[in-house]
$ cat start.cif   # mmCIF, N, CA and C atoms
data_structure
#
loop_
_atom_site.label_atom_id
_atom_site.label_comp_id
_atom_site.auth_asym_id
_atom_site.auth_seq_id
_atom_site.Cartn_x
_atom_site.Cartn_y
_atom_site.Cartn_z
N MET A 1305 2.63 -18.01 15.02
CA MET A 1305 3.02 -16.67 14.63
C MET A 1305 1.78 -15.93 14.13
N LYS A 1306 1.63 -14.67 14.56
CA LYS A 1306 0.49 -13.85 14.15
C LYS A 1306 0.76 -13.28 12.76
N SER A 1307 -0.32 -13.13 11.99
CA SER A 1307 -0.13 -12.46 10.70
C SER A 1307 -0.24 -10.96 10.94
N ASN A 1308 0.53 -10.21 10.26
CA ASN A 1308 0.55 -8.77 10.40
C ASN A 1308 -0.31 -8.16 9.31
N PRO A 1309 -1.42 -7.47 9.68
CA PRO A 1309 -2.28 -6.88 8.66
C PRO A 1309 -1.55 -5.89 7.77
N ASN A 1310 -0.53 -5.19 8.33
CA ASN A 1310 0.24 -4.25 7.52
C ASN A 1310 1.00 -4.97 6.42
N ASN A 1311 1.54 -6.17 6.74
CA ASN A 1311 2.26 -6.94 5.72
C ASN A 1311 1.31 -7.43 4.64
N GLU A 1312 0.11 -7.83 5.05
CA GLU A 1312 -0.89 -8.27 4.07
C GLU A 1312 -1.27 -7.12 3.15
N LEU A 1313 -1.52 -5.95 3.73
CA LEU A 1313 -1.89 -4.77 2.94
C LEU A 1313 -0.75 -4.39 2.00
N ALA A 1314 0.46 -4.39 2.53
CA ALA A 1314 1.62 -4.04 1.71
C ALA A 1314 1.77 -5.00 0.54
N GLY A 1315 1.55 -6.29 0.79
CA GLY A 1315 1.65 -7.28 -0.28
C GLY A 1315 0.63 -7.05 -1.38
N VAL A 1316 -0.59 -6.70 -1.00
CA VAL A 1316 -1.64 -6.43 -1.99
C VAL A 1316 -1.29 -5.19 -2.81
N ILE A 1317 -0.85 -4.14 -2.13
CA ILE A 1317 -0.49 -2.90 -2.84
C ILE A 1317 0.69 -3.15 -3.77
N LEU A 1318 1.70 -3.85 -3.30
CA LEU A 1318 2.87 -4.13 -4.15
C LEU A 1318 2.49 -4.95 -5.38
N ALA A 1319 1.64 -5.95 -5.20
CA ALA A 1319 1.21 -6.76 -6.34
C ALA A 1319 0.45 -5.91 -7.35
N ALA A 1320 -0.42 -5.04 -6.87
CA ALA A 1320 -1.18 -4.17 -7.77
C ALA A 1320 -0.25 -3.19 -8.47
N PHE A 1321 0.75 -2.69 -7.76
CA PHE A 1321 1.72 -1.78 -8.37
C PHE A 1321 2.48 -2.48 -9.49
N LYS A 1322 2.97 -3.68 -9.22
CA LYS A 1322 3.72 -4.42 -10.25
C LYS A 1322 2.86 -4.71 -11.46
N ALA A 1323 1.60 -5.03 -11.24
CA ALA A 1323 0.70 -5.34 -12.35
C ALA A 1323 0.28 -4.09 -13.12
N SER A 1324 0.38 -2.93 -12.50
CA SER A 1324 -0.08 -1.69 -13.12
C SER A 1324 0.81 -1.20 -14.25
N GLY A 1325 2.09 -1.53 -14.17
CA GLY A 1325 3.02 -1.04 -15.17
C GLY A 1325 3.46 0.40 -14.94
N LEU A 1326 3.00 1.00 -13.85
CA LEU A 1326 3.39 2.38 -13.53
C LEU A 1326 4.80 2.42 -12.99
N SER A 1327 5.48 3.52 -13.20
CA SER A 1327 6.76 3.74 -12.53
C SER A 1327 6.46 4.27 -11.13
N VAL A 1328 7.43 4.21 -10.26
CA VAL A 1328 7.25 4.75 -8.92
C VAL A 1328 6.96 6.25 -9.00
N LYS A 1329 7.66 6.94 -9.89
CA LYS A 1329 7.44 8.38 -10.04
C LYS A 1329 6.00 8.67 -10.47
N ARG A 1330 5.50 7.91 -11.43
CA ARG A 1330 4.12 8.12 -11.91
C ARG A 1330 3.12 7.80 -10.81
N LEU A 1331 3.36 6.73 -10.06
CA LEU A 1331 2.49 6.38 -8.95
C LEU A 1331 2.45 7.52 -7.93
N ALA A 1332 3.62 8.07 -7.63
CA ALA A 1332 3.69 9.18 -6.67
C ALA A 1332 2.91 10.39 -7.17
N VAL A 1333 3.10 10.74 -8.42
CA VAL A 1333 2.41 11.91 -8.99
C VAL A 1333 0.91 11.71 -9.00
N GLU A 1334 0.46 10.57 -9.48
CA GLU A 1334 -0.98 10.31 -9.60
C GLU A 1334 -1.67 10.16 -8.25
N SER A 1335 -0.94 9.67 -7.26
CA SER A 1335 -1.55 9.45 -5.94
C SER A 1335 -1.40 10.64 -5.01
N GLY A 1336 -0.48 11.53 -5.34
CA GLY A 1336 -0.22 12.66 -4.45
C GLY A 1336 0.67 12.30 -3.27
N VAL A 1337 1.28 11.14 -3.33
CA VAL A 1337 2.20 10.69 -2.28
C VAL A 1337 3.60 11.18 -2.65
N PRO A 1338 4.34 11.74 -1.69
CA PRO A 1338 5.71 12.17 -2.02
C PRO A 1338 6.53 11.02 -2.61
N TYR A 1339 7.36 11.35 -3.58
CA TYR A 1339 8.16 10.33 -4.25
C TYR A 1339 8.99 9.52 -3.25
N ALA A 1340 9.61 10.20 -2.30
CA ALA A 1340 10.46 9.50 -1.33
C ALA A 1340 9.66 8.47 -0.54
N SER A 1341 8.43 8.79 -0.19
CA SER A 1341 7.58 7.85 0.55
C SER A 1341 7.21 6.67 -0.32
N ALA A 1342 6.78 6.94 -1.55
CA ALA A 1342 6.39 5.87 -2.47
C ALA A 1342 7.58 4.96 -2.76
N HIS A 1343 8.72 5.56 -3.05
CA HIS A 1343 9.91 4.78 -3.37
C HIS A 1343 10.35 3.94 -2.18
N GLY A 1344 10.36 4.53 -0.99
CA GLY A 1344 10.76 3.79 0.20
C GLY A 1344 9.86 2.60 0.47
N PHE A 1345 8.57 2.78 0.26
CA PHE A 1345 7.63 1.69 0.46
C PHE A 1345 7.82 0.60 -0.58
N ILE A 1346 7.87 0.97 -1.84
CA ILE A 1346 8.01 0.00 -2.93
C ILE A 1346 9.33 -0.76 -2.79
N ALA A 1347 10.38 -0.07 -2.34
CA ALA A 1347 11.69 -0.70 -2.18
C ALA A 1347 11.79 -1.53 -0.90
N GLY A 1348 10.75 -1.51 -0.07
CA GLY A 1348 10.75 -2.28 1.17
C GLY A 1348 11.55 -1.65 2.29
N GLN A 1349 11.83 -0.36 2.16
CA GLN A 1349 12.64 0.33 3.16
C GLN A 1349 11.80 1.00 4.24
N ARG A 1350 10.49 1.09 4.04
CA ARG A 1350 9.63 1.74 5.03
C ARG A 1350 8.24 1.13 4.99
N ASP A 1351 7.56 1.24 6.11
CA ASP A 1351 6.17 0.81 6.19
C ASP A 1351 5.30 1.88 5.56
N VAL A 1352 4.09 1.51 5.23
CA VAL A 1352 3.17 2.46 4.62
C VAL A 1352 2.15 2.88 5.68
N ALA A 1353 1.93 4.19 5.81
CA ALA A 1353 0.93 4.73 6.73
C ALA A 1353 -0.46 4.51 6.12
N LEU A 1354 -1.47 4.50 6.96
CA LEU A 1354 -2.82 4.23 6.48
C LEU A 1354 -3.28 5.25 5.43
N GLY A 1355 -3.03 6.52 5.66
CA GLY A 1355 -3.43 7.55 4.70
C GLY A 1355 -2.72 7.38 3.36
N THR A 1356 -1.46 7.04 3.42
CA THR A 1356 -0.69 6.79 2.20
C THR A 1356 -1.22 5.55 1.50
N ALA A 1357 -1.50 4.52 2.26
CA ALA A 1357 -2.05 3.29 1.69
C ALA A 1357 -3.36 3.58 0.98
N ALA A 1358 -4.20 4.40 1.58
CA ALA A 1358 -5.50 4.73 0.97
C ALA A 1358 -5.31 5.44 -0.36
N ARG A 1359 -4.36 6.36 -0.43
CA ARG A 1359 -4.11 7.07 -1.70
C ARG A 1359 -3.51 6.15 -2.76
N LEU A 1360 -2.60 5.28 -2.34
CA LEU A 1360 -2.02 4.32 -3.30
C LEU A 1360 -3.08 3.36 -3.81
N CYS A 1361 -3.92 2.87 -2.90
CA CYS A 1361 -4.99 1.95 -3.29
C CYS A 1361 -5.92 2.60 -4.32
N LYS A 1362 -6.32 3.82 -4.05
CA LYS A 1362 -7.23 4.52 -4.97
C LYS A 1362 -6.59 4.64 -6.36
N THR A 1363 -5.33 5.01 -6.39
CA THR A 1363 -4.63 5.17 -7.67
C THR A 1363 -4.49 3.85 -8.40
N LEU A 1364 -4.32 2.77 -7.66
CA LEU A 1364 -4.13 1.45 -8.26
C LEU A 1364 -5.44 0.71 -8.50
N GLY A 1365 -6.56 1.37 -8.24
CA GLY A 1365 -7.86 0.74 -8.50
C GLY A 1365 -8.28 -0.24 -7.43
N LEU A 1366 -7.72 -0.11 -6.25
CA LEU A 1366 -8.07 -0.97 -5.13
C LEU A 1366 -9.00 -0.22 -4.19
N GLN A 1367 -9.76 -0.95 -3.41
CA GLN A 1367 -10.63 -0.34 -2.42
C GLN A 1367 -10.16 -0.79 -1.04
N LEU A 1368 -9.84 0.17 -0.21
CA LEU A 1368 -9.37 -0.12 1.14
C LEU A 1368 -10.58 -0.11 2.08
N THR A 1369 -10.83 -1.25 2.69
CA THR A 1369 -11.97 -1.35 3.61
C THR A 1369 -11.51 -1.96 4.93
N ALA A 1370 -12.24 -1.64 5.98
CA ALA A 1370 -11.93 -2.19 7.30
C ALA A 1370 -12.63 -3.53 7.44
N ARG A 1371 -12.03 -4.40 8.22
CA ARG A 1371 -12.70 -5.65 8.52
C ARG A 1371 -12.71 -5.80 10.04
N LYS A 1372 -13.70 -6.49 10.51
CA LYS A 1372 -13.83 -6.68 11.94
C LYS A 1372 -12.67 -7.50 12.48
N ALA A 1373 -12.17 -7.06 13.59
CA ALA A 1373 -11.10 -7.81 14.24
C ALA A 1373 -11.72 -9.01 14.96
N ARG A 1374 -11.02 -10.11 14.93
CA ARG A 1374 -11.47 -11.30 15.65
C ARG A 1374 -10.82 -11.30 17.02
N ILE A 1375 -11.64 -11.47 18.01
CA ILE A 1375 -11.13 -11.52 19.37
C ILE A 1375 -10.96 -12.98 19.74
N ARG A 1376 -9.75 -13.35 20.06
CA ARG A 1376 -9.46 -14.75 20.40
C ARG A 1376 -9.38 -14.86 21.92
N LYS A 1377 -9.97 -15.91 22.43
CA LYS A 1377 -9.95 -16.14 23.89
C LYS A 1377 -9.03 -17.26 24.23
#
$ encode --input "start.cif" --output "structure tokens"
Amino acid sequence: MKSNPNNELAGVILAAFKASGLSVKRLAVESGVPYASAHGFIAGQRDVALGTAARLCKTLGLQLTARKARIRK
């Protein structure tokens, strides 16, 4: 089974959110992400878009960086 980078990213963001002590509303306000988007993501009802992930990461003190893809033969 392949690992999904979106699931890995979501897991890191969710862990940082839980550790932050912020409410979803406060996270939305501080990150500039609409409340419905933040709530849907935190509740596991929607995937997070890259731009949204970048704003959430910045607010949570995380740095979003690209990594080289491995090409398997």
$ resolve_selection --input "start.cif" --expression "the PyMOL selection byres (((chain A and resi 1368-1377 and name CA) around 12) and name CA)" --output "MDAnalysis selection string"
chainID A and resid 1306 1309 1313:1314 1316:1317 1354:1367
$ resolve_selection --input "start.cif" --expression "the PyMOL selection byres (((chain A and resi 1328 and name CA) around 8) and name CA)" --output "list in words"
Leu1326, Ser1327, Lys1329, Arg1330, Leu1331, Ala1332, Tyr1339, Ala1342, His1343 and Ile1346 of chain A
$ write_last_selection --input "start.cif" --atoms "N, CA and C atoms" --output "PDB file, keeping the file's coordinate frame"
ATOM      1  N   LEU A1326       3.000   1.000 -13.850  1.00  0.00           N
ATOM      2  CA  LEU A1326       3.390   2.380 -13.530  1.00  0.00           C
ATOM      3  C   LEU A1326       4.800   2.420 -12.990  1.00  0.00           C
ATOM      4  N   SER A1327       5.480   3.520 -13.200  1.00  0.00           N
ATOM      5  CA  SER A1327       6.760   3.740 -12.530  1.00  0.00           C
ATOM      6  C   SER A1327       6.460   4.270 -11.130  1.00  0.00           C
ATOM      7  N   LYS A1329       7.660   6.940  -9.890  1.00  0.00           N
ATOM      8  CA  LYS A1329       7.440   8.380 -10.040  1.00  0.00           C
ATOM      9  C   LYS A1329       6.000   8.670 -10.470  1.00  0.00           C
ATOM     10  N   ARG A1330       5.500   7.910 -11.430  1.00  0.00           N
ATOM     11  CA  ARG A1330       4.120   8.120 -11.910  1.00  0.00           C
ATOM     12  C   ARG A1330       3.120   7.800 -10.810  1.00  0.00           C
ATOM     13  N   LEU A1331       3.360   6.730 -10.060  1.00  0.00           N
ATOM     14  CA  LEU A1331       2.490   6.380  -8.950  1.00  0.00           C
ATOM     15  C   LEU A1331       2.450   7.520  -7.930  1.00  0.00           C
ATOM     16  N   ALA A1332       3.620   8.070  -7.630  1.00  0.00           N
ATOM     17  CA  ALA A1332       3.690   9.180  -6.670  1.00  0.00           C
ATOM     18  C   ALA A1332       2.910  10.390  -7.170  1.00  0.00           C
ATOM     19  N   TYR A1339       7.360  11.350  -3.580  1.00  0.00           N
ATOM     20  CA  TYR A1339       8.160  10.330  -4.250  1.00  0.00           C
ATOM     21  C   TYR A1339       8.990   9.520  -3.250  1.00  0.00           C
ATOM     22  N   ALA A1342       6.780   6.940  -1.550  1.00  0.00           N
ATOM     23  CA  ALA A1342       6.390   5.870  -2.470  1.00  0.00           C
ATOM     24  C   ALA A1342       7.580   4.960  -2.760  1.00  0.00           C
ATOM     25  N   HIS A1343       8.720   5.560  -3.050  1.00  0.00           N
ATOM     26  CA  HIS A1343       9.910   4.780  -3.370  1.00  0.00           C
ATOM     27  C   HIS A1343      10.350   3.940  -2.180  1.00  0.00           C
ATOM     28  N   ILE A1346       7.870   0.970  -1.840  1.00  0.00           N
ATOM     29  CA  ILE A1346       8.010   0.000  -2.930  1.00  0.00           C
ATOM     30  C   ILE A1346       9.330  -0.760  -2.790  1.00  0.00           C
TER      31      ILE A1346
END
$ atom_distance --input "start.cif" --atom1 "atom CA of Asp1351 of chain A" --atom2 "atom CA of Ala1323 of chain A"
20.3 Å
$ atom_distance --input "start.cif" --atom1 "atom C of Gly1336 of chain A" --atom2 "atom N of Val1352 of chain A"
14.2 Å
$ atom_distance --input "start.cif" --atom1 "atom N of Arg1350 of chain A" --atom2 "atom N of Glu1312 of chain A"
13.7 Å
$ axis_aligned_box --input "start.cif" --around "segment 1321-1336 of chain A" --padding-each-side "3 Å" --output "JSON"
{"center_x": 3.0, "center_y": 3.7, "center_z": -9.2, "size_x": 15.3, "size_y": 24.0, "size_z": 17.9}
